[in-house]
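Data file: input-v7.cif. Format and content: mmCIF, C-alpha atoms and all ligand atoms.
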```cif
data_query
#
loop_
_atom_site.label_atom_id
_atom_site.label_comp_id
_atom_site.auth_asym_id
_atom_site.auth_seq_id
_atom_site.Cartn_x
_atom_site.Cartn_y
_atom_site.Cartn_z
CA MET W 27 53.56 94.59 133.24
CA HIS W 28 56.83 95.25 131.48
CA HIS W 29 60.18 93.59 130.92
CA PHE W 30 62.51 96.14 132.52
CA ALA W 31 63.77 94.61 135.76
CA TYR W 32 66.85 94.13 137.90
CA LYS W 33 68.76 90.87 137.47
CA ASN W 34 71.83 90.39 139.63
CA GLY W 35 71.65 94.03 140.66
CA VAL W 36 71.71 95.37 137.10
CA LEU W 37 68.70 96.83 135.28
CA HIS W 38 67.88 94.76 132.21
CA ALA W 39 65.63 95.22 129.22
CA GLU W 40 64.49 91.60 128.80
CA ASP W 41 67.84 89.72 128.83
CA VAL W 42 70.08 92.66 128.01
CA PRO W 43 71.77 94.82 130.67
CA LEU W 44 70.96 98.44 129.84
CA SER W 45 74.50 99.37 130.85
CA ASP W 46 75.83 97.22 127.97
CA ILE W 47 73.75 99.21 125.52
CA ALA W 48 74.80 102.49 127.15
CA GLY W 49 78.43 101.42 126.81
CA GLN W 50 78.00 100.88 123.09
CA VAL W 51 75.60 103.61 121.96
CA GLY W 52 76.25 106.24 124.62
CA THR W 53 73.55 108.16 126.46
CA PRO W 54 70.84 109.31 126.29
CA PHE W 55 68.94 106.65 124.37
CA TYR W 56 65.44 105.26 124.24
CA CYS W 57 65.13 101.51 124.67
CA TYR W 58 62.04 99.55 123.63
CA SER W 59 61.19 96.01 124.68
CA THR W 60 59.71 93.70 122.06
CA ALA W 61 58.28 91.31 124.65
CA THR W 62 56.48 94.18 126.37
CA LEU W 63 55.03 95.55 123.15
CA GLU W 64 53.85 92.10 122.15
CA ARG W 65 52.43 91.40 125.57
CA HIS W 66 50.47 94.65 125.68
CA TYR W 67 49.10 94.11 122.20
CA ARG W 68 48.09 90.56 123.08
CA VAL W 69 46.42 91.54 126.37
CA PHE W 70 44.50 94.31 124.62
CA SER W 71 43.32 92.10 121.75
CA GLU W 72 42.47 89.19 124.04
CA ALA W 73 40.25 91.52 126.06
CA PHE W 74 37.82 91.32 123.15
CA ALA W 75 38.44 87.74 122.11
CA ARG W 76 37.35 86.65 125.61
CA SER W 77 34.22 88.77 125.89
CA SER W 78 30.90 86.96 125.68
CA THR W 79 29.83 88.49 122.38
CA ALA W 80 31.95 87.75 119.38
CA THR W 81 32.06 91.34 118.12
CA PRO W 82 34.68 91.59 115.37
CA VAL W 83 37.47 93.93 116.40
CA LEU W 84 40.32 95.75 114.64
CA ILE W 85 43.10 97.25 116.73
CA CYS W 86 44.72 100.22 115.05
CA PHE W 87 47.90 101.18 116.91
CA SER W 88 48.04 104.94 117.33
CA VAL W 89 51.24 105.70 115.47
CA LYS W 90 51.52 109.16 117.01
CA SER W 91 52.44 107.54 120.33
CA ASN W 92 55.53 105.87 118.89
CA SER W 93 56.30 105.99 115.21
CA ASN W 94 59.61 104.17 115.23
CA LEU W 95 59.52 101.77 112.26
CA ALA W 96 60.73 98.85 114.36
CA VAL W 97 57.98 99.41 116.93
CA VAL W 98 55.28 99.72 114.28
CA SER W 99 56.66 96.67 112.42
CA THR W 100 56.56 94.61 115.61
CA LEU W 101 52.88 95.42 115.97
CA ALA W 102 52.19 94.98 112.24
CA ASN W 103 53.54 91.44 112.56
CA MET W 104 50.95 90.79 115.25
CA GLY W 105 48.15 91.91 112.95
CA ALA W 106 47.73 95.49 114.12
CA GLY W 107 46.25 98.20 111.95
CA ALA W 108 47.19 101.86 112.38
CA ASP W 109 45.55 105.08 113.50
CA VAL W 110 47.38 107.88 111.71
CA VAL W 111 47.10 111.66 111.74
CA SER W 112 49.27 112.73 108.82
CA GLU W 113 50.63 111.61 105.47
CA GLY W 114 53.92 111.00 107.26
CA GLU W 115 52.28 108.52 109.58
CA ILE W 116 50.56 106.76 106.65
CA ARG W 117 53.98 106.36 105.07
CA ILE W 118 55.40 104.95 108.30
CA ALA W 119 52.50 102.52 108.75
CA ARG W 120 52.77 101.30 105.17
CA LYS W 121 56.55 100.97 105.36
CA ALA W 122 56.14 98.95 108.55
CA GLY W 123 53.94 96.54 106.64
CA ILE W 124 50.47 97.58 107.80
CA PRO W 125 47.98 96.94 105.00
CA ALA W 126 46.20 100.08 103.79
CA ASP W 127 42.82 98.57 104.55
CA LYS W 128 43.74 98.53 108.24
CA ILE W 129 44.56 102.25 108.38
CA VAL W 130 42.24 104.92 109.80
CA PHE W 131 43.11 108.57 109.28
CA SER W 132 42.19 110.96 112.10
CA GLY W 133 43.08 114.60 112.76
CA VAL W 134 41.41 118.01 112.53
CA GLY W 135 43.61 119.46 109.81
CA LYS W 136 43.98 117.01 106.95
CA LYS W 137 45.14 118.83 103.83
CA PRO W 138 43.90 118.00 100.31
CA GLY W 139 47.29 116.58 99.34
CA GLU W 140 47.20 114.22 102.32
CA MET W 141 43.64 113.21 101.47
CA ALA W 142 44.65 112.42 97.90
CA TYR W 143 47.59 110.38 99.14
CA ALA W 144 45.40 108.39 101.54
CA LEU W 145 42.80 107.78 98.81
CA ASP W 146 45.47 106.48 96.45
CA GLU W 147 46.76 104.18 99.16
CA GLY W 148 43.23 102.81 99.69
CA ILE W 149 42.92 103.33 103.45
CA LEU W 150 40.05 101.86 105.46
CA MET W 151 38.47 105.16 106.47
CA PHE W 152 38.87 108.85 107.09
CA ASN W 153 37.72 109.96 110.52
CA VAL W 154 36.27 113.30 109.48
CA GLU W 155 36.39 115.96 112.16
CA SER W 156 34.46 118.91 110.71
CA GLU W 157 31.95 119.97 108.08
CA PRO W 158 34.52 121.90 106.00
CA GLU W 159 36.76 118.82 106.05
CA LEU W 160 33.89 116.68 104.75
CA GLU W 161 33.34 119.08 101.84
CA ALA W 162 37.08 119.24 101.10
CA LEU W 163 37.37 115.45 101.13
CA ASN W 164 34.39 115.17 98.80
CA ASP W 165 36.04 117.62 96.39
CA VAL W 166 39.30 115.68 96.40
CA ALA W 167 37.56 112.33 95.90
CA VAL W 168 35.31 113.66 93.09
CA SER W 169 38.34 115.15 91.32
CA LYS W 170 39.92 111.69 91.37
CA ASN W 171 36.71 109.91 90.41
CA MET W 172 36.79 108.09 93.72
CA ARG W 173 34.65 107.76 96.83
CA ALA W 174 36.22 108.36 100.23
CA PRO W 175 35.13 105.93 102.96
CA ILE W 176 34.36 107.98 106.05
CA SER W 177 33.21 107.97 109.60
CA LEU W 178 32.38 111.20 111.36
CA ARG W 179 34.28 111.78 114.56
CA VAL W 180 31.53 112.90 116.89
CA ASN W 181 32.27 114.82 120.06
CA PRO W 182 30.16 113.30 122.85
CA ASP W 183 30.85 116.14 125.32
CA VAL W 184 32.12 113.76 127.99
CA ASP W 185 34.69 114.79 130.58
CA ALA W 186 37.52 112.24 130.55
CA ASN W 187 38.91 113.54 133.87
CA THR W 188 42.42 113.65 132.53
CA HIS W 189 45.03 116.39 132.10
CA VAL W 190 43.50 119.41 130.40
CA LYS W 191 46.05 119.20 127.56
CA ILE W 192 45.03 115.64 126.64
CA THR W 193 41.26 115.75 126.95
CA THR W 194 39.54 115.78 123.57
CA GLY W 195 35.88 114.87 123.99
CA LYS W 196 34.50 118.02 125.62
CA ALA W 197 32.39 120.44 123.63
CA GLU W 198 35.06 123.14 124.01
CA ASN W 199 37.80 120.94 122.50
CA LYS W 200 38.74 121.39 118.84
CA PHE W 201 38.13 117.73 118.04
CA GLY W 202 35.15 116.13 116.35
CA ILE W 203 31.75 117.24 115.19
CA ALA W 204 29.35 118.66 117.76
CA TRP W 205 26.98 115.98 119.03
CA GLU W 206 23.92 118.04 118.05
CA ARG W 207 25.17 118.33 114.45
CA ALA W 208 25.84 114.61 113.97
CA HIS W 209 22.56 113.70 112.24
CA ALA W 210 22.64 116.71 109.95
CA VAL W 211 26.23 116.08 108.92
CA TYR W 212 25.56 112.38 108.26
CA ALA W 213 22.61 113.44 106.09
CA ARG W 214 24.90 115.81 104.20
CA ALA W 215 27.58 113.13 103.84
CA ALA W 216 25.02 110.76 102.33
CA GLU W 217 24.29 113.35 99.61
CA LEU W 218 27.90 113.86 98.58
CA PRO W 219 28.99 111.89 95.50
CA GLY W 220 32.60 111.52 96.66
CA ILE W 221 31.73 110.27 100.14
CA GLU W 222 30.79 106.81 101.34
CA ILE W 223 29.63 106.47 104.95
CA VAL W 224 31.19 103.43 106.58
CA GLY W 225 31.32 104.23 110.28
CA VAL W 226 31.21 106.39 113.38
CA ASP W 227 34.22 107.50 115.41
CA VAL W 228 34.81 108.88 118.88
CA HIS W 229 37.89 109.58 121.00
CA ILE W 230 37.54 111.35 124.33
CA GLY W 231 41.09 111.78 125.57
CA SER W 232 44.24 110.09 126.73
CA GLN W 233 45.62 108.65 129.99
CA ILE W 234 42.07 108.01 131.20
CA THR W 235 42.18 106.13 134.49
CA SER W 236 38.51 105.39 135.13
CA LEU W 237 35.98 103.46 133.08
CA GLU W 238 33.12 105.87 133.70
CA PRO W 239 33.90 108.36 130.90
CA PHE W 240 34.24 105.46 128.46
CA ARG W 241 30.97 103.93 129.62
CA THR W 242 29.14 107.23 129.14
CA ALA W 243 30.67 107.89 125.73
CA PHE W 244 30.13 104.33 124.46
CA ALA W 245 26.46 104.40 125.49
CA LYS W 246 25.93 107.68 123.65
CA VAL W 247 27.70 106.38 120.54
CA ALA W 248 25.75 103.09 120.56
CA GLU W 249 22.52 105.07 120.63
CA LEU W 250 23.71 107.24 117.75
CA VAL W 251 24.70 104.16 115.71
CA ARG W 252 21.25 102.66 116.29
CA GLU W 253 19.60 105.85 115.05
CA LEU W 254 21.90 106.19 112.04
CA GLN W 255 21.39 102.57 111.01
CA ALA W 256 17.63 103.03 111.39
CA GLN W 257 17.92 106.00 109.02
CA GLY W 258 19.60 103.72 106.49
CA HIS W 259 23.23 104.82 106.93
CA ALA W 260 25.71 102.00 106.41
CA VAL W 261 27.52 102.24 109.74
CA ALA W 262 29.56 99.04 109.77
CA ASN W 263 32.59 100.28 111.72
CA VAL W 264 32.52 101.92 115.13
CA ASP W 265 35.87 103.40 116.08
CA LEU W 266 36.06 103.93 119.84
CA GLY W 267 39.43 105.69 119.84
CA GLY W 268 42.20 105.16 122.33
CA GLY W 269 42.78 106.65 125.71
CA LEU W 270 43.09 103.89 128.28
CA GLY W 271 45.65 104.99 130.87
CA ILE W 272 48.74 103.20 132.14
CA PRO W 273 50.41 103.09 135.57
CA TYR W 274 53.16 105.72 135.68
CA MET W 275 53.82 105.50 139.41
CA GLN W 276 54.64 102.19 141.01
CA GLY W 277 52.53 101.57 144.09
CA ASN W 278 49.63 103.69 142.87
CA GLU W 279 46.31 102.11 142.12
CA PRO W 280 46.59 100.83 138.52
CA PRO W 281 44.17 102.08 135.85
CA PRO W 282 41.42 99.69 134.75
CA HIS W 283 42.63 96.50 133.10
CA PRO W 284 42.06 96.24 129.33
CA GLU W 285 39.80 93.28 130.05
CA GLU W 286 37.32 95.49 131.95
CA TYR W 287 37.57 98.10 129.24
CA GLY W 288 36.98 95.44 126.58
CA ARG W 289 33.95 94.18 128.43
CA ILE W 290 32.22 97.56 128.65
CA ALA W 291 32.92 98.23 124.97
CA SER W 292 31.63 94.84 123.85
CA ASP W 293 28.59 95.14 126.12
CA ALA W 294 27.68 98.59 124.84
CA PHE W 295 27.58 97.33 121.25
CA ALA W 296 26.46 93.74 121.84
CA ASP W 297 23.13 94.18 120.04
CA LEU W 298 24.60 96.01 117.07
CA ASP W 299 25.90 94.51 113.88
CA VAL W 300 29.16 96.43 113.70
CA ARG W 301 32.90 95.90 113.82
CA LEU W 302 34.62 97.70 116.70
CA LEU W 303 37.86 99.57 116.05
CA PHE W 304 40.25 100.79 118.73
CA GLU W 305 43.14 103.22 118.49
CA PRO W 306 45.32 102.47 121.51
CA GLY W 307 48.71 104.12 121.71
CA ARG W 308 49.92 104.55 125.26
CA ILE W 309 48.57 101.24 126.61
CA ILE W 310 50.63 99.41 123.97
CA ALA W 311 53.84 101.44 123.87
CA GLY W 312 53.97 103.48 127.10
CA ASN W 313 55.54 100.98 129.46
CA ALA W 314 57.43 99.27 126.66
CA GLY W 315 60.07 102.00 126.55
CA VAL W 316 62.56 103.73 128.84
CA LEU W 317 64.86 106.68 128.38
CA VAL W 318 68.35 105.97 129.67
CA SER W 319 70.41 108.93 130.76
CA GLU W 320 73.66 109.65 132.57
CA VAL W 321 74.23 112.02 135.46
CA ILE W 322 76.53 114.85 134.35
CA TYR W 323 76.74 116.67 137.67
CA VAL W 324 75.19 116.64 141.09
CA LYS W 325 74.88 120.25 142.16
CA ASN W 326 74.26 121.13 145.77
CA GLY W 327 72.31 124.36 145.60
CA GLU W 328 71.33 126.82 148.33
CA ALA W 329 67.69 125.87 148.39
CA LYS W 330 67.85 122.35 146.99
CA ASP W 331 70.01 119.81 145.26
CA PHE W 332 69.98 119.11 141.56
CA VAL W 333 70.83 116.00 139.64
CA ILE W 334 71.73 117.19 136.15
CA LEU W 335 71.17 114.56 133.46
CA ASP W 336 72.37 114.40 129.88
CA ALA W 337 68.73 113.97 128.74
CA GLY W 338 66.55 117.05 128.66
CA MET W 339 63.05 118.28 127.99
CA ASN W 340 63.82 118.23 124.28
CA ASP W 341 64.22 114.43 124.53
CA LEU W 342 61.22 113.78 126.78
CA ILE W 343 58.83 116.69 127.21
CA ARG W 344 56.03 115.00 129.15
CA PRO W 345 57.02 116.23 132.64
CA THR W 346 57.38 119.81 131.36
CA LEU W 347 54.23 119.82 129.27
CA TYR W 348 51.80 117.80 131.38
CA ASP W 349 53.47 117.78 134.83
CA ALA W 350 53.77 114.06 134.16
CA TRP W 351 55.33 111.73 136.71
CA HIS W 352 57.84 109.16 135.45
CA ASP W 353 59.39 106.62 137.79
CA MET W 354 63.18 106.44 137.64
CA LEU W 355 65.53 103.56 138.37
CA PRO W 356 69.32 103.64 138.59
CA LEU W 357 70.88 101.10 136.23
CA VAL W 358 72.76 99.67 139.19
CA GLU W 359 70.34 98.51 141.85
CA ALA W 360 70.53 100.23 145.21
CA THR W 361 71.09 98.06 148.27
CA PRO W 362 68.95 98.50 151.39
CA ASP W 363 71.71 100.59 152.96
CA THR W 364 72.33 102.88 149.99
CA PRO W 365 71.70 106.44 151.24
CA HIS W 366 68.98 108.39 149.46
CA LEU W 367 68.83 111.94 148.20
CA SER W 368 65.94 114.26 147.55
CA ALA W 369 66.66 116.44 144.56
CA ASP W 370 65.30 118.00 141.42
CA ILE W 371 66.15 115.77 138.49
CA VAL W 372 66.80 118.16 135.63
CA GLY W 373 68.18 118.30 132.11
CA PRO W 374 70.83 120.54 130.57
CA VAL W 375 68.41 122.64 128.50
CA CYS W 376 68.37 126.38 129.22
CA GLU W 377 64.80 126.51 130.50
CA SER W 378 63.61 126.48 134.10
CA GLY W 379 60.94 124.04 132.95
CA ASP W 380 63.55 121.45 132.01
CA ILE W 381 62.72 119.33 135.04
CA PHE W 382 61.94 115.61 134.99
CA ALA W 383 61.02 115.52 138.68
CA SER W 384 60.94 117.89 141.65
CA ASN W 385 62.11 116.83 145.11
CA ARG W 386 62.39 113.25 143.95
CA ASP W 387 63.59 110.73 146.47
CA LEU W 388 66.17 108.47 144.80
CA PRO W 389 69.12 106.35 145.83
CA LEU W 390 72.17 108.62 146.02
CA LEU W 391 73.51 109.41 142.55
CA ALA W 392 76.91 110.65 141.48
CA ALA W 393 78.29 111.98 138.21
CA GLY W 394 78.65 109.12 135.75
CA ASP W 395 75.80 107.08 137.23
CA ARG W 396 73.07 106.14 134.81
CA LEU W 397 69.36 105.91 135.32
CA ALA W 398 66.32 104.84 133.36
CA ILE W 399 63.29 107.07 133.13
CA LEU W 400 60.43 104.60 132.87
CA SER W 401 57.16 104.63 130.90
CA ALA W 402 58.76 106.64 128.13
CA GLY W 403 57.72 104.43 125.22
CA ALA W 404 54.68 106.51 124.27
CA TYR W 405 54.87 110.22 123.48
CA GLY W 406 58.59 110.17 124.27
CA ALA W 407 60.82 110.06 121.20
CA VAL W 408 57.97 111.20 118.95
CA GLN W 409 57.70 114.50 120.81
CA ALA W 410 61.46 115.14 120.85
CA SER W 411 62.99 118.21 119.28
CA THR W 412 66.48 119.50 118.65
CA TYR W 413 66.02 122.54 120.93
CA ASN W 414 69.34 123.91 122.14
CA ALA W 415 70.85 122.27 119.02
CA ARG W 416 70.78 118.91 120.73
CA PRO W 417 70.73 116.02 118.22
CA LEU W 418 67.85 113.53 118.47
CA VAL W 419 68.89 110.61 120.64
CA ALA W 420 69.39 107.01 119.56
CA GLU W 421 66.57 104.48 119.82
CA VAL W 422 67.27 100.84 120.54
CA MET W 423 65.04 97.78 120.51
CA VAL W 424 65.63 94.67 122.59
CA ASN W 425 64.27 91.25 121.68
CA GLY W 426 65.21 88.63 124.27
CA ALA W 427 69.01 88.59 124.42
CA ASP W 428 69.26 90.41 121.10
CA TRP W 429 69.23 94.14 120.54
CA ALA W 430 69.63 96.60 117.71
CA VAL W 431 69.81 100.34 117.14
CA VAL W 432 66.48 101.14 115.49
CA ARG W 433 67.18 104.83 115.04
CA GLU W 434 70.69 106.18 114.84
CA ARG W 435 71.65 109.05 117.08
CA GLN W 436 71.43 112.15 114.90
CA THR W 437 74.83 113.44 113.86
CA TYR W 438 75.82 117.10 114.06
CA ASP W 439 76.15 117.05 110.28
CA ALA W 440 72.54 115.84 109.95
CA LEU W 441 71.43 118.48 112.45
CA LEU W 442 72.78 121.20 110.18
CA ALA W 443 72.23 119.52 106.80
CA ASP W 444 68.93 121.21 105.95
CA ASN W 445 69.97 124.75 106.94
CA ARG W 446 70.74 127.16 104.10
CA ILE W 447 72.60 130.46 104.16
CA PRO W 448 70.94 132.81 101.63
CA ALA W 449 72.91 134.47 98.86
CA TRP W 450 72.83 137.91 100.52
CA LEU W 451 74.74 136.42 103.46
CA GLY W 452 77.33 134.89 101.19
CA GLY W 453 75.72 131.45 100.83
N1 LIG L 1 43.11 108.30 118.68
C1 LIG L 1 43.11 109.63 118.62
C2 LIG L 1 42.18 110.28 117.69
C3 LIG L 1 43.96 110.38 119.44
O1 LIG L 1 43.94 111.71 119.38
C4 LIG L 1 44.85 109.72 120.32
C5 LIG L 1 45.77 110.47 121.17
C6 LIG L 1 44.84 108.31 120.34
C7 LIG L 1 43.95 107.63 119.52
C8 LIG L 1 45.74 107.51 121.22
O2 LIG L 1 45.47 107.71 122.56
P1 LIG L 1 46.19 106.84 123.68
O3 LIG L 1 45.67 105.43 123.57
O4 LIG L 1 47.64 106.91 123.43
O5 LIG L 1 45.79 107.50 124.94
N2 LIG L 1 51.23 113.60 124.19
C9 LIG L 1 50.28 113.31 125.23
C10 LIG L 1 49.15 112.44 124.74
C11 LIG L 1 48.41 113.02 123.55
C12 LIG L 1 47.33 112.12 123.06
C13 LIG L 1 46.78 112.60 121.76
N3 LIG L 1 45.81 111.74 121.16
C14 LIG L 1 50.99 112.66 126.41
O6 LIG L 1 52.20 112.50 126.35
O7 LIG L 1 50.37 112.37 127.41
#
```

In structure tokens, how does this file's structure come out?
Amino acid sequence: MHHFAYKNGVLHAEDVPLSDIAGQVGTPFYCYSTATLERHYRVFSEAFARSSTATPVLICFSVKSNSNLAVVSTLANMGAGADVVSEGEIRIARKAGIPADKIVFSGVGKKPGEMAYALDEGILMFNVESEPELEALNDVAVSKNMRAPISLRVNPDVDANTHVKITTGKAENKFGIAWERAHAVYARAAELPGIEIVGVDVHIGSQITSLEPFRTAFAKVAELVRELQAQGHAVANVDLGGGLGIPYMQGNEPPPHPEEYGRIASDAFADLDVRLLFEPGRIIAGNAGVLVSEVIYVKNGEAKDFVILDAGMNDLIRPTLYDAWHDMLPLVEATPDTPHLSADIVGPVCESGDIFASNRDLPLLAAGDRLAILSAGAYGAVQASTYNARPLVAEVMVNGADWAVVRERQTYDALLADNRIPAWLGG
């Protein structure tokens, strides 16, 4: 459920008409809803609070899904930790007020400098993804006279049945340590002076719409934790990753509710003395954001019609990259007798792939009309680029009847500020 809805024929974010914001900040812009973020966080955390076993849980918002400081701060205020994949994301999490001891650091390519930074910050744990990374982390920690708290991210070889570009838990994916190597690598970790084993970690993919892959992976991980504890390893934290899908298309069967997901996770680990960690991104932020754009032209082509927006694939790349579907709503509500069109909804970028939707049926649109591309709160702004020398768009956050720009639209000066002309070209 989200808080973007028509009131008196005008699309609102909570109590604010999106057209008011468009009038003041221009288009395109991302708009996030505080009430939706808070609601999703609450529903996700309550899924565990209500389960029969009182397994302690830490929810680490996956900052890669939306790293806007206002979004992360909203969640920090609710008690969220952070799942980060770079020094930059650690800095964002810390600046947003997330305590270091609620930060887990994932990612296959952590560099020594990033490791040192995370150690100095005092993060909760490193989710180590390979044997060379374990050795490198040990070296960094030893050189600083410290011990790095780690879990190994194990790859359970489970098919998450999601888009091939966002599946991570199959043996052929680059993520995690091969299941068969897990015991050997834990044994090695236990020998290393700069390493302290504190957990186990798994993440099988994103936008997962069935519970089965989770059930399979959780059962395998629970078994592994039992074995590791029996061998004397201090596995106190079990990080089950993120991945629960969200509804992108209204009218489609919704993905499993967090409550069902929470139940299978709690059940799988009910007999184990561990704290469960989760790294949700999309389920928290996805439906808490929209991208508002204006129609520049409607072009009636030979083969089909095109609605050309002022937002492009550089602003929201999900349809181009993952063939993702995003619902779209005009800011002014259509009436039952508004005629419809079927058109390709495209951006201005010079790429054939700059398409938000093909043959989409929408209420008739004309130049100057505005529409909201829904479910753009996760992996939207964070994946934006300045391709075609298009400045990054503004981001806005609504809170009831209040709203604020939470990231300024990039200026042309800022776009060019870090370019340098070398001396041999007269610079
Ligand atoms: N933890 C780890 C280790 C991850 O790799 C990810 C996402 C998450 C947590 C959060 O997963 P979520 O709860 O958001 O599904 N850009 C793609 C999604 C990439 C997901 C990458 N990893 C998209 O727009 O669909």

### Message
Could you list the protein, DNA and RNA residues that have any atom within 7 Å of ligand LIG 1 (chain L), counting only C-alpha atoms and all ligand atoms, and write them as a list in words?
### Response
Ser88, Ser91, Asp109, Ser132, Gly133, Ile192, His229, Gly231, Ser232, Gln233, Gly267, Gly268, Gly269, Leu270, Gly271, Glu305, Pro306, Gly307, Arg308, Ile309, Arg344, Tyr348, Ala404 and Tyr405 of chain W

Take the residues from that selection and put them in a file with C-alpha atoms, as a JSON list (two decimals), keeping the file's coordinate frame.
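Saved file selection.json follows:
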```json
[["chain", "number", "residue", "atom", "x", "y", "z"],
["W", 88, "SER", "CA", 48.04, 104.94, 117.33],
["W", 91, "SER", "CA", 52.44, 107.54, 120.33],
["W", 109, "ASP", "CA", 45.55, 105.08, 113.50],
["W", 132, "SER", "CA", 42.19, 110.96, 112.10],
["W", 133, "GLY", "CA", 43.08, 114.60, 112.76],
["W", 192, "ILE", "CA", 45.03, 115.64, 126.64],
["W", 229, "HIS", "CA", 37.89, 109.58, 121.00],
["W", 231, "GLY", "CA", 41.09, 111.78, 125.57],
["W", 232, "SER", "CA", 44.24, 110.09, 126.73],
["W", 233, "GLN", "CA", 45.62, 108.65, 129.99],
["W", 267, "GLY", "CA", 39.43, 105.69, 119.84],
["W", 268, "GLY", "CA", 42.20, 105.16, 122.33],
["W", 269, "GLY", "CA", 42.78, 106.65, 125.71],
["W", 270, "LEU", "CA", 43.09, 103.89, 128.28],
["W", 271, "GLY", "CA", 45.65, 104.99, 130.87],
["W", 305, "GLU", "CA", 43.14, 103.22, 118.49],
["W", 306, "PRO", "CA", 45.32, 102.47, 121.51],
["W", 307, "GLY", "CA", 48.71, 104.12, 121.71],
["W", 308, "ARG", "CA", 49.92, 104.55, 125.26],
["W", 309, "ILE", "CA", 48.57, 101.24, 126.61],
["W", 344, "ARG", "CA", 56.03, 115.00, 129.15],
["W", 348, "TYR", "CA", 51.80, 117.80, 131.38],
["W", 404, "ALA", "CA", 54.68, 106.51, 124.27],
["W", 405, "TYR", "CA", 54.87, 110.22, 123.48]]
```

### Query
If you measure from CA of Leu335 in chain W to CA of Tyr323 in chain W, what distance in Å do you get, rounded to one decimal?
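Computed distance, CA of Leu335 in chain W to CA of Tyr323 in chain W, equals 7.3 Å.
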
### Task
Please identify all polymer residues within 12 Å of Gly220 in chain W, counting only C-alpha atoms, omitting same-chain residues fewer than 2 positions from it, and present them as a PyMOL selection string.
chain W and resi 145+160-176+214-218+222-223

### Task
Give as a list in words every residue, naming chains and numbers as the document does, that has an atom within 10 Å of (60.2, 106.8, 135.1), counting all atoms listed in the file.
Tyr274, Met275, Gln276, Asn313, Gly315, Val316, Leu317, Val318, Ala350, Trp351, His352, Asp353, Met354, Leu355, Phe382, Ala383, Leu397, Ala398, Ile399, Leu400, Ser401 and Ala402 of chain W

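The interatomic distance for the pair CA of Asp428 in chain W and CA of His38 in chain W works out to 12.0 Å.
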
### Task
Just give me the gap between CA of Gly107 in chain W and CA of Arg120 in chain W in Å, one decimal is fine.
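Going from CA of Gly107 in chain W over to CA of Arg120 in chain W, I get 9.9 Å.
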
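When all atoms listed in the file are used to measure the gap to Gly49 in chain W, the shortest distance among W:Arg396, W:Arg241, W:Leu442, W:Ala314 belongs to W:Arg396.
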
#### Entry: Of the listed residues W:Pro138, W:Gly288, W:Gly35, W:Pro125, that which approaches Ser112 in chain W most closely, counting all atoms listed in the file
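Of W:Pro138, W:Gly288, W:Gly35, W:Pro125, the one nearest Ser112 in chain W, counting all atoms listed in the file, is W:Pro138.
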
### Task
Considering all atoms listed in the file, state which residue in the set W:Asp370, W:Glu285, W:Glu359, W:Asp380 is at the smallest distance from Pro43 in chain W.
W:Glu359

### Which of W:Val431, W:Ala96, W:Val358, W:Ala440 sits closest to Asn34 in chain W [using all atoms listed in the file]
W:Val358

For range 79-89 of chain W, supply N, CA and C atoms and format the output as a JSON list (two decimals), in the frame of the given file.
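Saved to rebuild.json:
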```json
[["chain", "number", "residue", "atom", "x", "y", "z"],
["W", 79, "THR", "N", 30.29, 88.33, 123.76],
["W", 79, "THR", "CA", 29.83, 88.49, 122.38],
["W", 79, "THR", "C", 31.04, 88.41, 121.45],
["W", 80, "ALA", "N", 30.83, 87.89, 120.29],
["W", 80, "ALA", "CA", 31.95, 87.75, 119.38],
["W", 80, "ALA", "C", 32.01, 88.93, 118.42],
["W", 81, "THR", "N", 31.99, 90.16, 118.97],
["W", 81, "THR", "CA", 32.06, 91.34, 118.12],
["W", 81, "THR", "C", 33.39, 91.34, 117.38],
["W", 82, "PRO", "N", 33.39, 91.49, 116.07],
["W", 82, "PRO", "CA", 34.68, 91.59, 115.37],
["W", 82, "PRO", "C", 35.39, 92.88, 115.76],
["W", 83, "VAL", "N", 36.70, 92.80, 115.89],
["W", 83, "VAL", "CA", 37.47, 93.93, 116.40],
["W", 83, "VAL", "C", 38.71, 94.15, 115.52],
["W", 84, "LEU", "N", 39.05, 95.42, 115.29],
["W", 84, "LEU", "CA", 40.32, 95.75, 114.64],
["W", 84, "LEU", "C", 41.06, 96.73, 115.53],
["W", 85, "ILE", "N", 42.30, 96.37, 115.87],
["W", 85, "ILE", "CA", 43.10, 97.25, 116.73],
["W", 85, "ILE", "C", 44.07, 98.03, 115.87],
["W", 86, "CYS", "N", 43.88, 99.34, 115.87],
["W", 86, "CYS", "CA", 44.72, 100.22, 115.05],
["W", 86, "CYS", "C", 45.67, 100.98, 115.98],
["W", 87, "PHE", "N", 46.91, 100.54, 116.03],
["W", 87, "PHE", "CA", 47.90, 101.18, 116.91],
["W", 87, "PHE", "C", 48.01, 102.66, 116.55],
["W", 88, "SER", "N", 47.97, 103.50, 117.56],
["W", 88, "SER", "CA", 48.04, 104.94, 117.33],
["W", 88, "SER", "C", 49.50, 105.33, 117.11],
["W", 89, "VAL", "N", 49.83, 105.52, 115.86],
["W", 89, "VAL", "CA", 51.24, 105.70, 115.47],
["W", 89, "VAL", "C", 51.84, 106.96, 116.08]]
```
